[in-house]
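Chemist: This is the structure I want to talk about, given as structure tokens.
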Amino acid sequence: MIDTVRRYGIDDIYMMHDIAGKCHLPVFSGKEIIPYRLRKIRFSESKPTLPYYEVPITDKCNLNCKGCLFACNVTGSSEHIDKVQILSDARRMEDLFYDIPWIRILGGEPLMHPDICEILEGYRKIFPEAEIDLCTNGLLLLQMGKEFFDCLIKNRISIHVSVYNPTYNLLDKIDSLLAKYKLPYAILKRDKFLKYYTTDPIHDLEKNYELCIASACREVYKGKLSTCSAAIAFEKFNDQFHTDFKVEKNVDWFDIHDKNLDINRVMELIDKPARICKYCDCCRMESFDWSYASRCPSIKDYTI
């Protein structure tokens, strides 16, 4: 969308804070823009601008969702990403791109990470003007101490609560708690999950990219920048289920710490369908009610 507008010679493009949009918060105070709810996206000829990316900081989760998009419930994959790695990746992303206006921190369940406050503080120092959202299933929010909420307030971190069935009976308490701290937040119910992965790379690459719900969800995970979460999930599937998903460096993901990285070329590639898009069949996506996965997940939990 941004590229389309810019092709018409328009560079005065503003991005509304995600939570401001979802919660209908005002973006003007009188005639003045409230900068942490609406801000101009910056562009340069020297470096590209990346409108958005996600950073999974842990594979550990306190739920076991069938069809988890990041395959966090695959046996053997559960680990916290080291905070040194996370912040090193953040600094490198800040160096590579001229502007990154929106970042979402997620998991797994990010509140389980023992260094969550240090990670949030570090991200805010590296990206002082970005919208930074913390995405959680909400189950641990009522157990978090005042230090955690003070960190959110101090560092202007918004909370995005993705609500699944186990959280339903806590919603009123979560709502009251977040309102008490006057945090910007959104609570969105997720009754349905989707499956569109397949095990065969035979599907229409262009059509999948057009229909995909995650085609703009750039992921930064353990030093890798990928087009979407499939690149992360497929490598986990190969480790756990001995599948043969082809996930290739400089095609499906890029090493952001590579000193010879051509970031302009990377942007050209990640704004187009990746080869792994052939594994998806978005024309036959399956919608199913949220449920717990079995204790021993199988590849059929994730594929159609």
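Chain labels A, B, ... are given in the sequence in which chains occur in the structure tokens; within each chain residues are numbered consecutively from 1, and ligands are likewise numbered from 1 in the order shown.
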Going by DSSP on the backbone, which residues of region 128-293 of chain A come out as alpha helix (DSSP H)? List them as a PyMOL selection string.
Modeler: chain A and resi 146-154+171-180+205-211+230-241+263-270
Chemist: Determine, using only C-alpha atoms, which residues of region 86-157 of chain A have any atom at most 6 Å from an atom of region 41-54 of chain A, and tabulate each with its shortest atom pair and distance in Å to one decimal place, rows ordered by chain and then rising number, as a tab-separated table.
Modeler:
residue	atom	partner	partner_atom	distance
A:Phe97	CA	A:Pro48	CA	5.4
A:Tyr98	CA	A:Lys47	CA	5.2
A:Asp99	CA	A:Thr49	CA	4.9
A:Ile100	CA	A:Leu50	CA	5.1
A:Pro101	CA	A:Pro51	CA	5.7
A:Trp102	CA	A:Tyr52	CA	4.8
A:Ile103	CA	A:Tyr53	CA	5.2
A:Arg104	CA	A:Glu54	CA	4.7
A:Ile105	CA	A:Glu54	CA	5.9
Chemist: Write the residues of the selection above to a file with N, CA and C atoms, as a PDB file, in the first residue's frame.
Modeler:
ATOM      1  N   PHE A  97      17.806  -0.053   8.346  1.00  0.00           N
ATOM      2  CA  PHE A  97      16.646   0.637   7.795  1.00  0.00           C
ATOM      3  C   PHE A  97      16.607   2.101   8.230  1.00  0.00           C
ATOM      4  N   TYR A  98      16.098   2.935   7.342  1.00  0.00           N
ATOM      5  CA  TYR A  98      15.997   4.358   7.634  1.00  0.00           C
ATOM      6  C   TYR A  98      14.898   4.634   8.657  1.00  0.00           C
ATOM      7  N   ASP A  99      13.807   3.876   8.560  1.00  0.00           N
ATOM      8  CA  ASP A  99      12.707   4.059   9.507  1.00  0.00           C
ATOM      9  C   ASP A  99      11.958   2.745   9.650  1.00  0.00           C
ATOM     10  N   ILE A 100      11.600   2.412  10.885  1.00  0.00           N
ATOM     11  CA  ILE A 100      10.718   1.273  11.182  1.00  0.00           C
ATOM     12  C   ILE A 100       9.670   1.802  12.162  1.00  0.00           C
ATOM     13  N   PRO A 101       8.505   2.194  11.668  1.00  0.00           N
ATOM     14  CA  PRO A 101       7.530   2.857  12.544  1.00  0.00           C
ATOM     15  C   PRO A 101       6.745   1.939  13.474  1.00  0.00           C
ATOM     16  N   TRP A 102       6.714   0.622  13.199  1.00  0.00           N
ATOM     17  CA  TRP A 102       5.844  -0.239  14.001  1.00  0.00           C
ATOM     18  C   TRP A 102       6.519  -1.587  14.215  1.00  0.00           C
ATOM     19  N   ILE A 103       6.615  -2.004  15.497  1.00  0.00           N
ATOM     20  CA  ILE A 103       7.248  -3.270  15.880  1.00  0.00           C
ATOM     21  C   ILE A 103       6.337  -3.980  16.863  1.00  0.00           C
ATOM     22  N   ARG A 104       6.181  -5.271  16.675  1.00  0.00           N
ATOM     23  CA  ARG A 104       5.384  -6.069  17.614  1.00  0.00           C
ATOM     24  C   ARG A 104       6.264  -7.150  18.228  1.00  0.00           C
ATOM     25  N   ILE A 105       6.255  -7.219  19.556  1.00  0.00           N
ATOM     26  CA  ILE A 105       7.028  -8.216  20.305  1.00  0.00           C
ATOM     27  C   ILE A 105       6.070  -9.311  20.764  1.00  0.00           C
TER      28      ILE A 105
END
Chemist: With only C-alpha atoms as the atoms that count, which of A:Asn165, A:Lys192, A:Ile232, A:Asp18 lies nearest to Arg218 (chain A)?
Modeler: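 Checking each candidate against Arg218 (chain A), we get A:Ile232 as the closest.
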Chemist: Quick one: distance from CA of Gly108 (chain A) to CA of Leu69 (chain A) in Å, one decimal?
Modeler: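 Atom-to-atom, CA of Gly108 (chain A) to CA of Leu69 (chain A), that is 9.8 Å.
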Chemist: Rank nothing, just name the residue among A:Leu120, A:Val251, A:Ile276, A:Ile126 nearest to Asp204 (chain A), using only C-alpha atoms.
Modeler: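 Closest to Asp204 (chain A), using only C-alpha atoms: A:Ile276.
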Chemist: With distances taken over only C-alpha atoms, which of A:Ile10, A:Ala214, A:Ile157, A:Ala179 is nearest to Ala230 (chain A)?
Modeler: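 Closest candidate: A:Ala214.
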Chemist: Between CA of Gly223 (chain A) and CA of Phe254 (chain A), what is the spacing in Å?
Modeler: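 Result for CA of Phe254 (chain A) versus CA of Gly223 (chain A): 8.3 Å, one decimal.
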Chemist: Go through A:Leu63, A:Met285, A:Lys249, A:Cys72 and flag the residue nearest Asn208 (chain A), using only C-alpha atoms for the distances.
Modeler: A:Met285
Chemist: I need the residues in region 75-182 of chain A that are strand (DSSP E) according to DSSP; give them as a list of chain:residue names.
Modeler: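 In region 75-182 of chain A, DSSP puts these residues in strand (DSSP E): A:Trp102, A:Ile103, A:Arg104, A:Ile105, A:Leu106, A:Glu131, A:Ile132, A:Asp133, A:Leu134, A:Cys135, A:Thr136, A:Ile157, A:Ser158, A:Ile159, A:His160, A:Val161, A:Ser162, A:Val163.
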Chemist: Okay, now the selection with C-alpha atoms, as a tab-separated table (two decimals), in the first residue's frame?
Modeler:
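Saved the output as part-v5.tsv:
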chain	number	residue	atom	x	y	z
A	102	TRP	CA	5.84	-0.24	14.00
A	103	ILE	CA	7.25	-3.27	15.88
A	104	ARG	CA	5.38	-6.07	17.61
A	105	ILE	CA	7.03	-8.22	20.31
A	106	LEU	CA	5.51	-11.65	20.74
A	131	GLU	CA	5.05	2.08	18.02
A	132	ILE	CA	6.02	-0.96	20.09
A	133	ASP	CA	3.27	-3.45	20.89
A	134	LEU	CA	3.54	-6.41	23.25
A	135	CYS	CA	1.31	-9.28	22.13
A	136	THR	CA	0.21	-11.69	24.87
A	157	ILE	CA	4.63	-0.01	25.27
A	158	SER	CA	1.10	-0.92	24.16
A	159	ILE	CA	-0.55	-4.20	25.10
A	160	HIS	CA	-2.32	-6.37	22.54
A	161	VAL	CA	-4.22	-9.21	24.24
A	162	SER	CA	-5.08	-12.09	21.90
A	163	VAL	CA	-7.80	-13.85	23.83
Chemist: Could you produce a table of the residues of region 243-302 of chain A lying within 12 Å of region 76-90 of chain A, with the nearest pair of atoms per residue and their separation in Å rounded to one decimal, using only C-alpha atoms, ordered by chain and increasing residue number, as CSV?
Modeler:
residue,atom,partner,partner_atom,distance
A:Asp255,CA,A:Asp89,CA,10.1
A:Ile256,CA,A:Asp89,CA,7.6
A:His257,CA,A:Asp89,CA,7.9
A:Asp258,CA,A:Asp89,CA,11.6
A:Cys296,CA,A:Gly76,CA,11.3
A:Pro297,CA,A:Gly76,CA,11.5
Chemist: Determine the nearest neighbour of Gly21 (chain A) from the options A:Ala186, A:Leu269, A:Cys277, A:Leu111, counting only C-alpha atoms.
Modeler: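 Closest residue, counting only C-alpha atoms: A:Ala186.
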Chemist: Closest to Glu248 (chain A) among A:Lys224, A:Ile13, A:His203, A:Leu261, using only C-alpha atoms?
Modeler: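 Selected residue with least distance to Glu248 (chain A): A:Lys224.
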Chemist: Which polymer residues have any atom within 9 Å of an atom of Ile153 (chain A), counting only C-alpha atoms, with same-chain residues fewer than 6 positions away left out, as a ChimeraX atom specification?
Modeler: /A:181-183
Chemist: Could the residues in this selection be written to a file with C-alpha atoms, as a compact mmCIF listing (two decimals), in the first residue's frame?
Modeler:
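Saved file selection_22.txt follows:
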# COMPACT_ATOMS: atom_id res chain seq x y z
CA TYR A 181 -2.48 1.62 34.80
CA LYS A 182 -3.91 3.77 31.97
CA LEU A 183 -2.09 1.72 29.40
Chemist: Just the residues within 12 Å of Ala293 (chain A), please, counting only C-alpha atoms, with nothing from its chain fewer than 5 positions along; format it as a compact mmCIF listing (two decimals) with N, CA and C atoms, in the first residue's frame.
Modeler:
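Below is the file out-v3.txt, written as the result:
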# COMPACT_ATOMS: atom_id res chain seq x y z
N LEU A 63 0.22 -21.94 26.78
CA LEU A 63 -0.90 -22.61 26.12
C LEU A 63 -0.33 -23.63 25.14
N ASN A 64 -1.20 -24.46 24.66
CA ASN A 64 -0.81 -25.50 23.70
C ASN A 64 -1.84 -25.48 22.57
N CYS A 65 -1.81 -24.41 21.78
CA CYS A 65 -2.84 -24.21 20.76
C CYS A 65 -2.62 -25.13 19.57
N LYS A 66 -3.65 -25.80 19.18
CA LYS A 66 -3.59 -26.61 17.95
C LYS A 66 -3.39 -25.67 16.76
N GLY A 67 -2.41 -25.98 15.92
CA GLY A 67 -2.18 -25.16 14.74
C GLY A 67 -1.46 -23.86 15.01
N CYS A 68 -0.69 -23.78 16.09
CA CYS A 68 0.06 -22.56 16.44
C CYS A 68 0.87 -22.08 15.22
N ALA A 71 4.43 -22.65 15.62
CA ALA A 71 4.75 -24.02 16.03
C ALA A 71 5.48 -24.05 17.37
N CYS A 72 5.02 -23.22 18.29
CA CYS A 72 5.70 -23.13 19.59
C CYS A 72 5.48 -24.37 20.45
N ASN A 73 4.47 -25.17 20.12
CA ASN A 73 4.21 -26.36 20.94
C ASN A 73 4.83 -27.62 20.35
N VAL A 74 5.73 -27.44 19.37
CA VAL A 74 6.46 -28.59 18.84
C VAL A 74 7.53 -29.01 19.85
N THR A 75 7.52 -30.25 20.24
CA THR A 75 8.46 -30.76 21.25
C THR A 75 9.90 -30.46 20.86
N SER A 298 1.25 -33.62 15.83
CA SER A 298 1.64 -34.23 14.57
C SER A 298 1.63 -33.16 13.49
N ILE A 299 2.22 -33.44 12.36
CA ILE A 299 2.27 -32.46 11.27
C ILE A 299 0.86 -32.13 10.78
N LYS A 300 -0.10 -33.03 10.98
CA LYS A 300 -1.48 -32.75 10.56
C LYS A 300 -2.14 -31.68 11.41
N ASP A 301 -1.56 -31.37 12.57
CA ASP A 301 -2.09 -30.27 13.38
C ASP A 301 -1.87 -28.93 12.68
N TYR A 302 -0.95 -28.89 11.72
CA TYR A 302 -0.55 -27.64 11.12
C TYR A 302 -0.82 -27.57 9.62
Chemist: For CA of Gly107 (chain A) and CA of Cys23 (chain A), determine how far apart the two atoms are, in Å to one decimal place.
Modeler: 23.3 Å
